[in-house]
$ cat coords_24.txt   # compact mmCIF, C-alpha atoms
# COMPACT_ATOMS: atom_id res chain seq x y z
CA MET B 1 17.88 -6.83 41.30
CA GLU B 2 15.67 -4.35 39.52
CA GLN B 3 12.60 -5.69 37.75
CA GLN B 4 12.13 -4.54 34.15
CA GLU B 5 8.83 -3.18 32.97
CA THR B 6 6.93 -5.43 30.61
CA LEU B 7 4.42 -4.74 27.89
CA GLY B 8 1.33 -5.77 29.82
CA PRO B 9 -1.93 -6.93 28.25
CA VAL B 10 -1.58 -7.00 24.46
CA GLU B 11 -5.04 -5.45 24.10
CA ASN B 12 -3.51 -2.25 25.54
CA ALA B 13 -0.31 -2.33 23.45
CA VAL B 14 -0.40 0.20 20.62
CA GLY B 15 1.80 -1.96 18.37
CA TYR B 16 -0.38 -5.03 18.85
CA VAL B 17 -3.63 -3.16 18.16
CA LEU B 18 -2.02 -1.44 15.17
CA LYS B 19 -1.06 -4.87 13.77
CA GLN B 20 -4.64 -6.10 14.33
CA ALA B 21 -5.92 -3.09 12.39
CA ALA B 22 -3.40 -3.71 9.58
CA VAL B 23 -4.44 -7.37 9.28
CA ALA B 24 -8.15 -6.46 9.31
CA LEU B 25 -7.54 -3.80 6.64
CA ARG B 26 -5.54 -6.22 4.48
CA ASN B 27 -8.28 -8.88 4.75
CA ALA B 28 -10.99 -6.36 3.83
CA MET B 29 -8.94 -5.07 0.89
CA ASP B 30 -8.31 -8.63 -0.32
CA LEU B 31 -12.06 -9.27 -0.33
CA ALA B 32 -12.85 -5.99 -2.07
CA LEU B 33 -10.19 -6.48 -4.76
CA ARG B 34 -10.88 -10.18 -5.45
CA PRO B 35 -13.73 -9.51 -7.94
CA LEU B 36 -11.29 -7.33 -9.90
CA HIS B 37 -8.70 -10.14 -9.88
CA LEU B 38 -6.19 -7.92 -8.09
CA THR B 39 -4.01 -8.52 -5.07
CA VAL B 40 -3.25 -5.74 -2.61
CA PRO B 41 0.32 -5.31 -3.98
CA GLN B 42 -1.03 -5.15 -7.55
CA TYR B 43 -3.60 -2.55 -6.52
CA ALA B 44 -0.98 -0.53 -4.65
CA CYS B 45 1.26 -0.62 -7.72
CA LEU B 46 -1.56 0.62 -9.95
CA GLU B 47 -2.45 3.35 -7.44
CA LEU B 48 1.14 4.58 -7.25
CA LEU B 49 1.46 4.59 -11.04
CA GLY B 50 -1.83 6.45 -11.33
CA GLN B 51 -0.48 9.16 -9.05
CA ARG B 52 3.16 9.09 -10.20
CA PRO B 53 3.53 7.74 -13.75
CA GLY B 54 6.97 6.57 -14.80
CA LEU B 55 8.16 5.11 -11.50
CA SER B 56 10.90 2.51 -11.71
CA ASN B 57 10.74 -1.04 -10.33
CA ALA B 58 12.82 0.00 -7.28
CA GLU B 59 10.61 3.03 -6.57
CA LEU B 60 7.46 0.91 -6.90
CA ALA B 61 8.89 -1.79 -4.63
CA ARG B 62 9.59 0.78 -1.91
CA GLY B 63 6.11 2.30 -2.28
CA VAL B 64 4.34 -1.07 -2.20
CA PHE B 65 6.52 -2.44 0.64
CA VAL B 66 7.79 -5.47 -1.29
CA THR B 67 11.21 -6.55 -2.52
CA ARG B 68 12.40 -5.63 -6.02
CA GLN B 69 12.14 -9.30 -6.95
CA SER B 70 8.52 -9.43 -5.80
CA MET B 71 7.79 -6.21 -7.67
CA ASN B 72 9.14 -7.82 -10.85
CA VAL B 73 6.53 -10.57 -10.44
CA VAL B 74 3.77 -8.01 -9.77
CA LEU B 75 4.75 -5.94 -12.81
CA ARG B 76 5.02 -8.98 -15.05
CA GLY B 77 1.50 -10.03 -14.10
CA LEU B 78 0.09 -6.55 -14.66
CA ASP B 79 1.95 -6.27 -17.98
CA GLU B 80 0.63 -9.64 -19.18
CA ARG B 81 -2.90 -8.42 -18.44
CA GLY B 82 -2.29 -5.22 -20.40
CA LEU B 83 -2.66 -2.97 -17.35
CA VAL B 84 0.84 -1.45 -17.43
CA THR B 85 3.49 -0.80 -20.00
CA ARG B 86 7.24 -0.56 -19.54
CA ALA B 87 9.73 1.09 -21.82
CA ALA B 88 11.77 -1.39 -23.85
CA VAL B 89 14.91 0.69 -23.33
CA ALA B 90 15.85 2.67 -20.23
CA PRO B 91 15.90 6.42 -20.96
CA HIS B 92 18.82 6.72 -18.52
CA GLY B 93 20.67 4.16 -16.46
CA ARG B 94 18.99 0.79 -16.11
CA GLU B 95 15.64 1.87 -14.73
CA LEU B 96 12.65 1.12 -16.91
CA PRO B 97 9.80 3.53 -16.20
CA THR B 98 6.33 1.98 -15.91
CA GLU B 99 3.03 3.58 -16.83
CA LEU B 100 -0.63 2.61 -16.76
CA THR B 101 -2.37 1.66 -19.98
CA THR B 102 -5.93 2.79 -20.69
CA ALA B 103 -7.15 -0.58 -19.40
CA GLY B 104 -4.92 -0.13 -16.35
CA ARG B 105 -6.47 3.27 -15.63
CA GLU B 106 -9.98 1.79 -15.89
CA HIS B 107 -9.02 -1.09 -13.60
CA LEU B 108 -7.46 1.37 -11.15
CA ASP B 109 -10.63 3.49 -11.07
CA ALA B 110 -12.72 0.45 -10.08
CA ALA B 111 -10.13 -0.78 -7.57
CA SER B 112 -9.67 2.64 -6.02
CA ALA B 113 -13.44 2.94 -5.49
CA ALA B 114 -13.48 -0.50 -3.83
CA VAL B 115 -10.61 0.43 -1.53
CA LEU B 116 -12.23 3.77 -0.69
CA ALA B 117 -15.33 1.85 0.39
CA VAL B 118 -13.14 -0.27 2.70
CA GLN B 119 -11.52 2.86 4.14
CA THR B 120 -14.94 4.47 4.64
CA THR B 121 -16.11 1.39 6.55
CA MET B 122 -12.92 1.34 8.60
CA CYS B 123 -13.31 4.99 9.57
CA ALA B 124 -17.06 4.89 10.24
CA GLY B 125 -17.77 6.83 13.40
CA LEU B 126 -14.60 8.92 13.13
CA THR B 127 -15.14 12.58 12.37
CA PRO B 128 -12.89 14.15 9.74
CA ALA B 129 -11.01 15.84 12.59
CA ARG B 130 -10.40 12.49 14.34
CA GLN B 131 -9.29 10.93 11.05
CA GLN B 132 -6.81 13.77 10.59
CA ALA B 133 -5.60 13.36 14.17
CA LEU B 134 -5.14 9.63 13.55
CA LEU B 135 -3.08 10.34 10.43
CA GLU B 136 -0.93 12.82 12.33
CA THR B 137 -0.47 10.43 15.26
CA LEU B 138 0.56 7.58 12.97
CA ALA B 139 2.99 9.91 11.17
CA VAL B 140 4.61 10.70 14.55
CA CYS B 141 4.90 6.96 15.30
CA ILE B 142 6.53 6.34 11.90
CA ARG B 143 8.93 9.25 12.37
CA ASN B 144 9.89 8.08 15.86
CA LEU B 145 10.67 4.57 14.61
CA ASN B 146 12.53 5.78 11.53
CA ASP B 147 14.63 8.19 13.59
CA GLY B 148 15.76 5.30 15.77
CA SER B 149 16.98 3.14 12.88
$ encode --input "coords_24.txt" --output "structure tokens"
Amino acid sequence: MEQQETLGPVENAVGYVLKQAAVALRNAMDLALRPLHLTVPQYACLELLGQRPGLSNAELARGVFVTRQSMNVVLRGLDERGLVTRAAVAPHGRELPTELTTAGREHLDAASAAVLAVQTTMCAGLTPARQQALLETLAVCIRNLNDGS
């Protein structure tokens, strides 16, 4: 009987270390965004809308990595705070485009600076070339996993 290879020590498993990094990043972002009364999904939503105004609930949900139902809750909270606005009537189909308000833009500017500080801390000691190589390596990993599904 042939013995199958196993993962080995988790400290040497790329997926495990990547998950550790993701959890550390999420914790640091939570701390940085707390004074602004934002969650990471709310920040991500604002950031996407700042870069691509008019996205629909479904598009935002995909970009923030949450369900459409969860995105409805995120958008409702941001709308109640006056940070986003949604069209009352869909210009086509059923999708209601969402945009930042002036207050939303100001909140995004502060949040984006806080998140940039987290990213700067995370990448301390990495040259710009190593950061670019990391981005390219992660893109390959994503592509490989997406191609297999």
$ closest_residue --input "coords_24.txt" --among "B:Leu108, B:Ala87, B:Ala133, B:Cys45" --to "Met71 in chain B" --atoms "all atoms listed in the file"
B:Cys45
$ residues_around --input "coords_24.txt" --residues "Pro35 in chain B" --least-positions-apart "5" --cutoff "12 Å" --atoms "all atoms listed in the file" --output "list in words"
Met29, Asp30, His107, Ala110, Ala111 and Ala114 of chain B
$ residues_around --input "coords_24.txt" --residues "Thr98 in chain B" --least-positions-apart "5" --cutoff "8 Å" --atoms "all atoms listed in the file" --output "compact mmCIF listing (two decimals) with C-alpha atoms, keeping the file's coordinate frame"
# COMPACT_ATOMS: atom_id res chain seq x y z
CA LEU B 49 1.46 4.59 -11.04
CA PRO B 53 3.53 7.74 -13.75
CA GLY B 54 6.97 6.57 -14.80
CA LEU B 55 8.16 5.11 -11.50
CA SER B 56 10.90 2.51 -11.71
CA ASN B 57 10.74 -1.04 -10.33
CA VAL B 84 0.84 -1.45 -17.43
CA THR B 85 3.49 -0.80 -20.00
CA ARG B 86 7.24 -0.56 -19.54
CA ALA B 87 9.73 1.09 -21.82
$ closest_residue --input "coords_24.txt" --among "B:Ala28, B:Leu38, B:Val14, B:Leu33" --to "Leu83 in chain B" --atoms "only C-alpha atoms"
B:Leu38
$ residues_near_point --input "coords_24.txt" --point "(-9.1, 2.0, 0.8)" --cutoff "12 Å" --atoms "all atoms listed in the file" --output "MDAnalysis selection string"
chainID B and resid 22 25:33 40 43:44 47 110:123
$ closest_residue --input "coords_24.txt" --among "B:Ala58, B:Val74, B:Leu46, B:Ala124" --to "Glu99 in chain B" --atoms "only C-alpha atoms"
B:Leu46
$ atom_distance --input "coords_24.txt" --atom1 "CA of Leu48 in chain B" --atom2 "CA of Val66 in chain B"
13.4 Å
$ closest_residue --input "coords_24.txt" --among "B:Gly82, B:Gln42, B:Arg34, B:Ala139" --to "Phe65 in chain B" --atoms "all atoms listed in the file"
B:Gln42
$ atom_distance --input "coords_24.txt" --atom1 "CA of Gln131 in chain B" --atom2 "CA of Gln51 in chain B"
22.0 Å
